[in-house]
$ cat input-v8.txt   # compact mmCIF, C-alpha atoms and all ligand atoms
# COMPACT_ATOMS: atom_id res chain seq x y z
CA MET A 1 0.00 0.00 0.00
CA ASP A 2 1.10 3.51 -0.83
CA VAL A 3 1.99 5.56 2.23
CA SER A 4 4.05 8.18 0.42
CA PRO A 5 4.93 10.98 1.12
CA TYR A 6 5.74 9.39 4.49
CA ASP A 7 8.89 7.43 5.12
CA ALA A 8 8.34 6.76 8.84
CA LEU A 9 5.69 6.59 11.56
CA LEU A 10 6.37 8.16 14.94
CA LEU A 11 4.43 6.86 17.94
CA LEU A 12 4.25 9.72 20.44
CA SER A 13 3.21 8.85 23.98
CA PHE A 14 3.25 9.93 27.60
CA GLY A 15 5.94 7.65 29.02
CA GLY A 16 6.07 6.04 32.43
CA PRO A 17 8.55 4.76 35.01
CA GLU A 18 10.24 1.38 34.50
CA LYS A 19 11.41 0.86 38.10
CA PRO A 20 10.95 2.35 41.59
CA ASP A 21 13.90 4.75 41.21
CA ASP A 22 12.24 6.24 38.14
CA VAL A 23 8.99 7.17 39.87
CA VAL A 24 9.93 10.49 41.48
CA PRO A 25 11.93 11.84 38.48
CA PHE A 26 9.05 10.78 36.21
CA LEU A 27 6.52 12.64 38.36
CA GLU A 28 8.82 15.68 38.37
CA ASN A 29 8.88 15.57 34.55
CA VAL A 30 5.08 15.32 34.34
CA THR A 31 4.29 18.10 36.79
CA ARG A 32 7.06 20.63 36.08
CA GLY A 33 5.32 24.02 36.01
CA ARG A 34 1.85 22.44 36.25
CA GLY A 35 1.02 23.54 39.83
CA ILE A 36 0.18 20.11 41.21
CA PRO A 37 0.05 19.99 45.04
CA ARG A 38 2.74 17.99 46.80
CA GLU A 39 0.16 15.71 48.53
CA ARG A 40 -1.25 14.67 45.17
CA LEU A 41 2.23 13.74 43.93
CA VAL A 42 2.88 11.61 47.01
CA GLU A 43 -0.47 9.90 46.48
CA VAL A 44 0.13 9.20 42.77
CA GLY A 45 3.66 8.01 43.58
CA GLN A 46 2.06 5.42 45.87
CA HIS A 47 -0.06 4.16 42.96
CA TYR A 48 3.13 3.47 41.00
CA PHE A 49 4.99 1.96 43.96
CA GLY A 50 1.98 -0.28 44.56
CA PHE A 51 2.63 -1.75 41.13
CA GLY A 52 6.35 -2.31 41.71
CA GLY A 53 7.37 1.20 40.63
CA ARG A 54 6.58 0.32 37.05
CA SER A 55 3.97 1.76 34.73
CA PRO A 56 2.33 -0.60 32.26
CA ILE A 57 2.35 2.06 29.53
CA ASN A 58 5.79 1.38 28.01
CA ASP A 59 5.16 -2.33 27.51
CA GLN A 60 1.78 -1.49 26.01
CA ASN A 61 3.38 0.91 23.54
CA LYS A 62 5.88 -1.79 22.57
CA ALA A 63 2.97 -4.17 21.98
CA LEU A 64 1.18 -1.53 19.90
CA ILE A 65 4.30 -1.01 17.78
CA ALA A 66 4.68 -4.78 17.28
CA ALA A 67 1.04 -5.08 16.22
CA LEU A 68 1.38 -2.17 13.79
CA GLU A 69 4.61 -3.61 12.37
CA GLN A 70 2.88 -6.91 11.77
CA ALA A 71 -0.05 -5.20 10.06
CA PHE A 72 2.34 -3.11 7.93
CA GLU A 73 4.15 -6.24 6.86
CA SER A 74 0.99 -8.04 5.82
CA LEU A 75 -0.13 -4.99 3.81
CA ASP A 76 3.25 -4.30 2.23
CA ILE A 77 3.54 -0.97 4.00
CA THR A 78 7.19 -0.10 4.39
CA LEU A 79 7.26 2.43 7.19
CA PRO A 80 9.76 2.08 10.02
CA ILE A 81 8.14 2.89 13.36
CA TYR A 82 9.86 5.20 15.83
CA TRP A 83 8.74 5.82 19.41
CA GLY A 84 9.20 8.89 21.58
CA ASN A 85 7.65 10.05 24.88
CA ARG A 86 6.92 13.34 26.60
CA ASN A 87 7.90 12.28 30.11
CA TRP A 88 10.21 9.28 30.00
CA GLU A 89 12.69 7.35 27.89
CA PRO A 90 12.76 7.14 24.97
CA TYR A 91 12.42 10.92 25.10
CA LEU A 92 10.92 12.54 22.02
CA PRO A 93 13.88 14.85 21.21
CA ASP A 94 16.26 11.85 21.22
CA THR A 95 13.93 9.97 18.90
CA VAL A 96 13.63 12.91 16.49
CA ALA A 97 17.44 13.20 16.48
CA GLN A 98 17.67 9.49 15.62
CA MET A 99 15.15 9.93 12.81
CA ALA A 100 17.24 12.77 11.40
CA ALA A 101 20.37 10.65 11.65
CA ASP A 102 18.58 7.85 9.79
CA GLY A 103 17.66 10.25 7.00
CA VAL A 104 13.90 10.30 7.63
CA GLN A 105 12.40 13.10 5.54
CA ARG A 106 8.74 13.18 6.50
CA ALA A 107 7.00 11.20 9.24
CA LEU A 108 3.40 10.83 10.34
CA VAL A 109 2.85 11.13 14.09
CA LEU A 110 0.36 8.95 15.97
CA THR A 111 -0.29 9.91 19.59
CA THR A 112 -1.68 7.50 22.19
CA SER A 113 -4.50 9.91 22.86
CA ALA A 114 -7.63 10.02 20.71
CA TYR A 115 -9.17 13.34 21.81
CA ALA A 116 -8.70 17.09 21.64
CA SER A 117 -7.55 19.08 24.70
CA TYR A 118 -4.36 20.75 25.88
CA SER A 119 -3.12 17.62 27.68
CA SER A 120 -4.15 15.16 25.00
CA CYS A 121 -3.38 17.07 21.82
CA ARG A 122 -1.80 20.51 21.98
CA GLN A 123 0.84 19.65 24.56
CA TYR A 124 2.07 16.88 22.25
CA ARG A 125 2.22 19.41 19.41
CA GLU A 126 4.32 21.66 21.66
CA ASN A 127 6.62 18.73 22.41
CA LEU A 128 6.99 18.16 18.64
CA TRP A 129 7.78 21.85 18.12
CA ASP A 130 10.47 21.76 20.81
CA ALA A 131 12.01 18.56 19.46
CA VAL A 132 12.18 19.90 15.91
CA GLN A 133 13.62 23.25 17.09
CA GLN A 134 16.54 21.50 18.74
CA THR A 135 17.26 19.00 15.94
CA PRO A 136 19.31 20.02 12.88
CA ASP A 137 17.80 18.48 9.70
CA ALA A 138 14.74 17.24 11.62
CA PRO A 139 12.16 15.50 9.40
CA VAL A 140 8.88 17.17 8.55
CA LEU A 141 6.36 15.88 11.07
CA ASP A 142 2.59 15.66 10.48
CA LYS A 143 0.32 14.61 13.33
CA LEU A 144 -2.89 12.65 12.96
CA GLY A 145 -5.82 14.63 14.34
CA PRO A 146 -8.06 13.36 17.16
CA TYR A 147 -9.20 9.87 16.16
CA PHE A 148 -11.89 9.12 18.76
CA ASN A 149 -14.31 8.59 15.86
CA SER A 150 -12.18 6.10 13.97
CA GLN A 151 -14.49 3.22 13.07
CA GLY A 152 -11.89 0.72 14.22
CA PHE A 153 -11.57 2.37 17.65
CA GLU A 154 -15.35 2.36 18.10
CA ASN A 155 -15.62 -1.28 17.02
CA ALA A 156 -12.85 -2.38 19.38
CA VAL A 157 -14.48 -0.62 22.33
CA SER A 158 -17.92 -2.00 21.45
CA ASP A 159 -16.51 -5.49 21.17
CA ASN A 160 -14.90 -5.18 24.61
CA VAL A 161 -18.17 -3.93 26.14
CA VAL A 162 -20.01 -6.93 24.69
CA VAL A 163 -17.45 -9.25 26.31
CA ALA A 164 -17.87 -7.51 29.69
CA LEU A 165 -21.68 -7.64 29.50
CA LYS A 166 -21.62 -11.34 28.66
CA ASP A 167 -19.41 -11.84 31.68
CA LEU A 168 -22.07 -10.20 33.88
CA GLY A 169 -24.47 -13.00 32.94
CA ASP A 170 -27.99 -12.46 34.30
CA ALA A 171 -26.99 -9.09 35.76
CA ALA A 172 -26.23 -7.72 32.28
CA ALA A 173 -29.80 -6.73 31.44
CA GLY A 174 -29.97 -3.98 34.06
CA ALA A 175 -26.34 -2.95 33.86
CA ARG A 176 -25.41 0.69 33.36
CA LEU A 177 -22.71 1.47 30.77
CA VAL A 178 -20.36 3.84 32.58
CA PHE A 179 -17.90 5.43 30.16
CA VAL A 180 -14.85 6.81 31.92
CA THR A 181 -12.17 9.26 30.93
CA HIS A 182 -9.44 11.36 32.50
CA SER A 183 -10.79 14.42 34.29
CA ILE A 184 -9.20 17.72 33.24
CA PRO A 185 -9.71 21.26 34.57
CA ASN A 186 -13.02 22.76 33.41
CA SER A 187 -11.05 25.60 31.84
CA MET A 188 -8.98 23.12 29.80
CA ALA A 189 -12.14 21.30 28.70
CA GLY A 190 -13.76 24.60 27.70
CA ALA A 191 -10.76 25.55 25.57
CA SER A 192 -10.54 22.19 23.77
CA GLY A 193 -10.93 21.96 20.00
CA PRO A 194 -11.48 24.72 17.44
CA ASP A 195 -14.83 25.84 18.90
CA GLY A 196 -14.31 24.83 22.54
CA ASP A 197 -15.77 21.98 24.63
CA ALA A 198 -14.55 19.35 22.14
CA TYR A 199 -13.05 17.07 24.83
CA VAL A 200 -16.39 16.21 26.43
CA ALA A 201 -18.33 16.34 23.13
CA GLN A 202 -15.95 13.84 21.51
CA HIS A 203 -16.23 11.44 24.45
CA ARG A 204 -20.02 11.75 24.41
CA GLU A 205 -20.10 11.02 20.68
CA LEU A 206 -18.07 7.84 21.07
CA ALA A 207 -20.05 6.75 24.15
CA ARG A 208 -23.31 7.17 22.24
CA ALA A 209 -22.01 5.25 19.22
CA VAL A 210 -20.76 2.36 21.38
CA THR A 211 -24.05 2.25 23.31
CA GLN A 212 -25.90 1.93 19.99
CA ASP A 213 -23.54 -0.83 18.80
CA VAL A 214 -24.13 -2.75 22.01
CA GLU A 215 -27.90 -2.33 21.69
CA ALA A 216 -27.72 -3.62 18.12
CA PHE A 217 -25.71 -6.63 19.30
CA PHE A 218 -27.95 -7.73 22.17
CA GLY A 219 -31.22 -6.27 20.89
CA CYS A 220 -31.88 -4.45 24.18
CA PRO A 221 -30.97 -0.94 25.27
CA HIS A 222 -28.70 0.15 28.13
CA ASP A 223 -28.56 3.55 29.80
CA HIS A 224 -25.13 5.11 29.70
CA ASP A 225 -23.18 7.90 31.40
CA LEU A 226 -19.87 9.69 30.95
CA VAL A 227 -17.86 10.11 34.15
CA PHE A 228 -14.31 10.99 35.11
CA CYS A 229 -11.31 9.66 37.00
CA SER A 230 -7.84 10.77 38.09
CA ARG A 231 -8.72 14.29 39.18
CA SER A 232 -5.63 16.25 40.15
CA GLY A 233 -4.74 19.88 40.81
CA PRO A 234 -5.51 22.10 43.80
CA PRO A 235 -8.98 21.52 45.34
CA GLN A 236 -10.18 25.07 44.58
CA VAL A 237 -9.75 24.56 40.81
CA PRO A 238 -12.84 22.93 39.25
CA TRP A 239 -12.25 19.77 37.19
CA LEU A 240 -14.72 17.72 35.17
CA GLU A 241 -17.20 15.73 37.29
CA PRO A 242 -18.74 13.42 38.38
CA ASP A 243 -15.92 11.27 39.65
CA VAL A 244 -16.44 7.59 38.88
CA ASN A 245 -16.61 6.64 42.57
CA ASP A 246 -19.23 9.30 43.36
CA HIS A 247 -21.16 8.14 40.32
CA LEU A 248 -21.21 4.53 41.52
CA GLU A 249 -22.60 5.82 44.84
CA ALA A 250 -25.34 7.67 42.98
CA LEU A 251 -26.19 4.62 40.84
CA ALA A 252 -26.40 2.41 43.93
CA ALA A 253 -28.68 4.94 45.58
CA ASP A 254 -30.92 4.73 42.49
CA GLY A 255 -31.12 0.97 42.85
CA ILE A 256 -28.73 0.10 39.99
CA THR A 257 -26.89 -3.06 40.97
CA ALA A 258 -24.61 -3.73 37.97
CA ALA A 259 -22.37 -1.69 35.71
CA VAL A 260 -19.63 -1.94 33.11
CA LEU A 261 -16.77 0.55 33.44
CA ILE A 262 -15.58 1.52 29.96
CA PRO A 263 -12.33 3.52 29.97
CA ILE A 264 -12.64 5.18 26.56
CA GLY A 265 -10.25 7.98 27.54
CA PHE A 266 -7.28 5.57 27.44
CA VAL A 267 -6.13 3.54 24.45
CA SER A 268 -4.51 0.92 26.69
CA ASP A 269 -4.52 -0.12 30.36
CA HIS A 270 -2.62 2.87 31.76
CA MET A 271 -2.01 3.35 35.47
CA GLU A 272 -5.26 5.35 35.62
CA VAL A 273 -7.08 2.21 34.47
CA ILE A 274 -5.36 -0.37 36.66
CA TYR A 275 -5.33 1.86 39.73
CA ASP A 276 -8.22 4.33 39.52
CA LEU A 277 -10.67 1.82 38.02
CA ASP A 278 -9.51 -1.74 38.73
CA THR A 279 -8.32 -0.95 42.24
CA GLU A 280 -10.19 2.08 43.58
CA ALA A 281 -13.51 2.02 41.71
CA PHE A 282 -13.79 -1.75 42.13
CA ALA A 283 -13.35 -1.32 45.89
CA THR A 284 -16.14 1.28 45.83
CA ALA A 285 -18.39 -1.07 43.88
CA GLN A 286 -17.70 -3.91 46.27
CA ARG A 287 -18.53 -1.73 49.26
CA LEU A 288 -21.80 -0.80 47.54
CA GLY A 289 -22.58 -4.42 46.67
CA MET A 290 -22.58 -3.64 42.96
CA ASP A 291 -21.68 -6.20 40.31
CA VAL A 292 -19.12 -4.39 38.14
CA ARG A 293 -16.96 -5.40 35.18
CA ARG A 294 -14.32 -3.36 33.42
CA ALA A 295 -14.32 -3.41 29.63
CA GLY A 296 -10.92 -3.85 28.03
CA THR A 297 -9.21 -0.88 26.41
CA ALA A 298 -8.56 -0.85 22.66
CA GLY A 299 -4.94 -1.95 23.23
CA THR A 300 -3.92 -4.08 20.27
CA HIS A 301 -7.45 -5.17 19.38
CA PRO A 302 -7.35 -6.13 15.67
CA THR A 303 -10.10 -3.69 14.67
CA PHE A 304 -8.31 -0.85 16.49
CA ILE A 305 -5.11 -1.67 14.60
CA GLN A 306 -7.10 -1.81 11.37
CA GLY A 307 -8.58 1.62 12.17
CA LEU A 308 -5.10 3.05 12.77
CA ILE A 309 -3.93 1.64 9.43
CA GLU A 310 -6.88 3.37 7.76
CA LEU A 311 -6.03 6.66 9.46
CA ILE A 312 -2.44 6.38 8.25
CA THR A 313 -3.16 5.38 4.66
CA GLU A 314 -6.02 7.88 4.29
CA ARG A 315 -3.92 10.73 5.60
CA ALA A 316 -1.07 9.78 3.27
CA ALA A 317 -3.51 9.89 0.35
CA VAL A 318 -4.71 13.35 1.42
CA GLU A 319 -1.11 14.59 1.57
CA ARG A 320 -0.54 13.19 -1.94
CA GLY A 321 -3.43 15.38 -3.06
CA GLU A 322 -5.87 12.55 -3.58
CA ASN A 323 -9.50 12.88 -2.57
CA SER A 324 -9.43 10.19 0.09
CA GLU A 325 -12.42 8.52 1.74
CA ARG A 326 -12.32 8.80 5.53
CA SER A 327 -13.46 5.88 7.67
CA VAL A 328 -15.12 7.47 10.65
CA SER A 329 -17.92 6.50 12.96
CA GLY A 330 -20.80 8.37 14.55
CA VAL A 331 -21.92 11.32 12.47
CA LYS A 332 -19.35 10.27 9.87
CA LYS A 333 -17.54 13.57 9.93
CA PRO A 334 -13.78 13.25 10.06
CA THR A 335 -11.86 15.41 12.51
CA TRP A 336 -9.22 17.82 11.31
CA ASP A 337 -5.72 17.03 10.04
CA ARG A 338 -4.14 20.29 11.16
CA CYS A 339 -5.19 22.29 14.20
CA LEU A 340 -6.39 25.87 13.75
CA PRO A 341 -4.35 28.64 15.43
CA GLY A 342 -4.80 28.55 19.19
CA CYS A 343 -6.59 25.19 19.16
CA CYS A 344 -6.73 23.74 22.71
CA ALA A 345 -4.56 26.62 23.95
CA THR A 346 -4.68 27.34 27.67
CA ALA A 347 -2.83 29.94 29.70
CA THR A 348 0.34 27.84 29.58
CA ALA A 349 0.27 27.21 25.81
CA ARG A 350 3.49 27.59 23.84
CA PRO A 351 4.38 27.36 20.13
CA ALA A 352 3.15 24.12 18.60
CA LEU A 353 3.84 22.09 15.46
CA CYS A 354 1.24 20.61 13.10
CA GLY A 355 -1.17 23.55 12.99
CA THR A 356 -2.57 25.25 9.89
CA VAL A 357 -0.29 28.17 10.80
CA HIS A 358 3.36 27.43 11.65
CA GLY A 359 3.91 27.56 15.39
CA GLN A 360 0.32 28.35 16.38
C1 LIG A 401 -6.21 14.26 29.34
C2 LIG A 401 -5.08 13.48 29.98
C3 LIG A 401 -4.57 12.28 29.54
C4 LIG A 401 -5.03 11.47 28.34
C5 LIG A 401 -4.26 11.86 27.12
C6 LIG A 401 -2.89 11.25 27.03
O1 LIG A 401 -2.78 10.02 27.10
O2 LIG A 401 -1.91 12.01 26.91
C7 LIG A 401 -3.51 11.92 30.42
C8 LIG A 401 -2.73 10.78 30.28
C9 LIG A 401 -1.81 10.30 31.22
N1 LIG A 401 -1.47 10.84 32.42
C10 LIG A 401 -0.56 10.04 33.03
C11 LIG A 401 0.03 10.29 34.26
C12 LIG A 401 -0.09 11.48 34.97
N2 LIG A 401 -0.86 12.57 34.65
C13 LIG A 401 -0.71 13.56 35.60
C14 LIG A 401 -1.31 14.80 35.60
C15 LIG A 401 -2.30 15.27 34.70
N3 LIG A 401 -2.86 14.57 33.66
C16 LIG A 401 -3.78 15.38 33.00
C17 LIG A 401 -4.55 15.01 31.89
C18 LIG A 401 -4.34 13.86 31.13
N4 LIG A 401 -3.40 12.89 31.38
C19 LIG A 401 -3.78 16.64 33.66
C20 LIG A 401 -4.62 17.82 33.24
C21 LIG A 401 -2.89 16.56 34.71
C22 LIG A 401 -2.52 17.64 35.69
C23 LIG A 401 -1.18 18.22 35.37
C24 LIG A 401 -1.20 18.96 34.07
O3 LIG A 401 -1.98 19.92 33.92
O4 LIG A 401 -0.43 18.60 33.17
C25 LIG A 401 0.24 13.08 36.57
C26 LIG A 401 0.75 13.86 37.76
C27 LIG A 401 0.05 13.45 38.99
C28 LIG A 401 -1.38 13.91 38.94
O5 LIG A 401 -1.57 15.13 38.88
O6 LIG A 401 -2.24 13.06 38.93
C29 LIG A 401 0.60 11.79 36.18
C30 LIG A 401 1.54 10.84 36.90
C31 LIG A 401 -0.26 8.94 32.15
C32 LIG A 401 0.72 7.79 32.44
C33 LIG A 401 -0.07 6.63 32.94
C34 LIG A 401 0.75 5.43 33.19
O7 LIG A 401 1.84 5.53 33.77
O8 LIG A 401 0.28 4.33 32.81
C35 LIG A 401 -1.03 9.09 31.05
C36 LIG A 401 -1.10 8.22 29.83
FE FE A 402 -2.40 12.56 33.19
$ encode --input "input-v8.txt" --output "structure tokens"
Amino acid sequence: MDVSPYDALLLLSFGGPEKPDDVVPFLENVTRGRGIPRERLVEVGQHYFGFGGRSPINDQNKALIAALEQAFESLDITLPIYWGNRNWEPYLPDTVAQMAADGVQRALVLTTSAYASYSSCRQYRENLWDAVQQTPDAPVLDKLGPYFNSQGFENAVSDNVVVALKDLGDAAAGARLVFVTHSIPNSMAGASGPDGDAYVAQHRELARAVTQDVEAFFGCPHDHDLVFCSRSGPPQVPWLEPDVNDHLEALAADGITAAVLIPIGFVSDHMEVIYDLDTEAFATAQRLGMDVRRAGTAGTHPTFIQGLIELITERAAVERGENSERSVSGVKKPTWDRCLPGCCATATARPALCGTVHGQ
């Protein structure tokens, strides 16, 4: 398959600690200049130490790269895959330097975040800007836009919800579908996307599409909600609510006895999933006597991989000037390839790559 003008793919992710000694320096990288209270850092550090001082995210990115490489091979796509992180090794600037040394001319960037917002989109574009600034002969880098509405992503999530509902057995019929994503400050959510409020709107669109898929599969409807986890920041700053634990309390009070937690905000089982959901929210559910399952994340689900391949090949066709079909779910409107000036910009925004206007 033709993927010109690209000669490489760059997987851009968050990064995570590999061992206990990495935890504090990793947290310092993440929170530098972000105004996160000391108590919160100690608490999140404990989450990592509780899992041996190791985040699952790096292994999951390696698995994603292996799955993409395999798919590339079977489709005759010759794109080497590079990997760089914002907060841990392999650090993005080192990766971009390696790409330059290898003679890469123009690479497509895939982030491990499917939505618009400062944290999930623009900050990565700033990281790309910084890396390119400091690298002589850096390749041209194009970033895929938010891909929450990729058909393959939706299908993978729907499939995983079906599995979780089946696992609930007789309790499935009355189970609530509780879609979960990372909370962010209300101000960051308001500033997300070209017209604002895209972060929540994009999650709601995917949650609705998955709920419809699941209804089509079983032939019976389920109510669904969008809730949040992993709130951080000082207590006086408002973040998106309700928190997943508070929501489970409210459901129990309404007489709901079963639920599926569906972490659509994460493409794989990040620490937020294995701690905030599998550990904390499950303890809440148990205390409330609720029967809860957690749907798998997209991970390396074959339809997710297929969706990523479509995003890559379709974008390549667009850059070649061809009028490419876009495979998207929901309202069938693709997101944008390049961000408009100031997209997702918050008070801390800096120059960013991959916009319609250089640096904005
Ligand atoms: C929207 C969003 C995503 C999804 C998009 C994406 O994937 O990029 C995401 C991903 C992740 N966040 C992660 C970890 C952390 N995030 C933190 C802090 C923060 N996250 C925020 C938002 C997001 N974060 C925000 C607004 C803050 C406050 C500080 C700030 O304004 O920047 C902190 C500091 C402690 C704390 O404050 O909780 C940590 C340790 C990991 C690694 C997990 C692992 O190891 O498996 C991943 C994938
Ligand atoms: Fe985070």
$ residues_around --input "input-v8.txt" --residues "range 32-46 of chain A" --least-positions-apart "3" --cutoff "12 Å" --atoms "all atoms listed in the file" --output "PyMOL selection string"
chain A and resi 16-17+19-29+49-55+86-87+119+185+230-237+271-272+275-276+346-349
$ atom_distance --input "input-v8.txt" --atom1 "atom O7 of ligand LIG 401 (chain A)" --atom2 "CA of Asn58 in chain A"
8.1 Å
$ closest_residue --input "input-v8.txt" --among "A:Pro93, A:Pro263, A:Pro80, A:Gly321" --to "Asp7 in chain A" --atoms "all atoms listed in the file"
A:Pro80
$ atom_distance --input "input-v8.txt" --atom1 "CA of Pro351 in chain A" --atom2 "CA of Tyr118 in chain A"
12.4 Å
$ atom_distance --input "input-v8.txt" --atom1 "CA of Leu9 in chain A" --atom2 "CA of Val273 in chain A"
26.6 Å
$ residues_around --input "input-v8.txt" --residues "range 142-151 of chain A" --least-positions-apart "4" --cutoff "6 Å" --atoms "all atoms listed in the file" --output "PDB file with C-alpha atoms, in the coordinates of the input"
ATOM      1  CA  LEU A 108       3.400  10.830  10.340  1.00  0.00           C
ATOM      2  CA  VAL A 109       2.850  11.130  14.090  1.00  0.00           C
ATOM      3  CA  LEU A 110       0.360   8.950  15.970  1.00  0.00           C
ATOM      4  CA  ALA A 114      -7.630  10.020  20.710  1.00  0.00           C
ATOM      5  CA  TYR A 115      -9.170  13.340  21.810  1.00  0.00           C
ATOM      6  CA  ALA A 116      -8.700  17.090  21.640  1.00  0.00           C
ATOM      7  CA  VAL A 328     -15.120   7.470  10.650  1.00  0.00           C
ATOM      8  CA  SER A 329     -17.920   6.500  12.960  1.00  0.00           C
ATOM      9  CA  TRP A 336      -9.220  17.820  11.310  1.00  0.00           C
ATOM     10  CA  ASP A 337      -5.720  17.030  10.040  1.00  0.00           C
ATOM     11  CA  CYS A 354       1.240  20.610  13.100  1.00  0.00           C
TER      12      CYS A 354
END
$ closest_residue --input "input-v8.txt" --among "A:Ile274, A:Ile184, A:Val227, A:Glu314" --to "Tyr48 in chain A" --atoms "all atoms listed in the file"
A:Ile274
$ closest_residue --input "input-v8.txt" --among "A:Ile264, A:Val30, A:Leu128, A:Leu206" --to "Arg350 in chain A" --atoms "all atoms listed in the file"
A:Leu128
$ closest_residue --input "input-v8.txt" --among "A:Leu277, A:Ala191, A:Ala175, A:Ala216" --to "Arg122 in chain A" --atoms "all atoms listed in the file"
A:Ala191
$ residues_around --input "input-v8.txt" --residues "range 99-106 of chain A" --least-positions-apart "5" --cutoff "8 Å" --atoms "only C-alpha atoms" --output "list in words"
Pro5, Tyr6, Asp7, Ala8, Tyr82, Thr135, Pro136, Asp137, Ala138, Pro139, Val140, Leu141 and Asp142 of chain A
$ closest_residue --input "input-v8.txt" --among "A:Thr303, A:Ser158, A:Ser13, A:Gln202" --to "ligand FE 402 (chain A)" --atoms "all atoms listed in the file"
A:Ser13
$ build_atoms --input "input-v8.txt" --residues "range 199-216 of chain A" --atoms "N, CA and C atoms" --output "tab-separated table (two decimals), keeping the file's coordinate frame"
chain	number	residue	atom	x	y	z
A	199	TYR	N	-13.48	18.26	24.05
A	199	TYR	CA	-13.05	17.07	24.83
A	199	TYR	C	-14.27	16.27	25.28
A	200	VAL	N	-15.20	16.92	25.94
A	200	VAL	CA	-16.39	16.21	26.43
A	200	VAL	C	-17.28	15.79	25.26
A	201	ALA	N	-17.46	16.67	24.28
A	201	ALA	CA	-18.33	16.34	23.13
A	201	ALA	C	-17.82	15.10	22.40
A	202	GLN	N	-16.51	14.99	22.23
A	202	GLN	CA	-15.95	13.84	21.51
A	202	GLN	C	-16.16	12.55	22.31
A	203	HIS	N	-15.96	12.62	23.62
A	203	HIS	CA	-16.23	11.44	24.45
A	203	HIS	C	-17.70	11.05	24.38
A	204	ARG	N	-18.59	12.06	24.45
A	204	ARG	CA	-20.02	11.75	24.41
A	204	ARG	C	-20.40	11.10	23.08
A	205	GLU	N	-19.79	11.58	22.00
A	205	GLU	CA	-20.10	11.02	20.68
A	205	GLU	C	-19.70	9.55	20.61
A	206	LEU	N	-18.51	9.24	21.11
A	206	LEU	CA	-18.07	7.84	21.07
A	206	LEU	C	-18.94	6.98	22.00
A	207	ALA	N	-19.24	7.51	23.19
A	207	ALA	CA	-20.05	6.75	24.15
A	207	ALA	C	-21.43	6.42	23.56
A	208	ARG	N	-22.01	7.39	22.87
A	208	ARG	CA	-23.31	7.17	22.24
A	208	ARG	C	-23.21	6.11	21.14
A	209	ALA	N	-22.18	6.20	20.33
A	209	ALA	CA	-22.01	5.25	19.22
A	209	ALA	C	-21.82	3.83	19.76
A	210	VAL	N	-21.01	3.70	20.81
A	210	VAL	CA	-20.76	2.36	21.38
A	210	VAL	C	-22.05	1.82	22.00
A	211	THR	N	-22.79	2.68	22.69
A	211	THR	CA	-24.05	2.25	23.31
A	211	THR	C	-25.01	1.72	22.24
A	212	GLN	N	-25.04	2.39	21.10
A	212	GLN	CA	-25.90	1.93	19.99
A	212	GLN	C	-25.41	0.60	19.43
A	213	ASP	N	-24.09	0.45	19.29
A	213	ASP	CA	-23.54	-0.83	18.80
A	213	ASP	C	-23.94	-1.97	19.72
A	214	VAL	N	-23.85	-1.70	21.02
A	214	VAL	CA	-24.13	-2.75	22.01
A	214	VAL	C	-25.63	-3.09	21.99
A	215	GLU	N	-26.46	-2.08	21.81
A	215	GLU	CA	-27.90	-2.33	21.69
A	215	GLU	C	-28.20	-3.18	20.45
A	216	ALA	N	-27.51	-2.85	19.36
A	216	ALA	CA	-27.72	-3.62	18.12
A	216	ALA	C	-27.28	-5.07	18.32
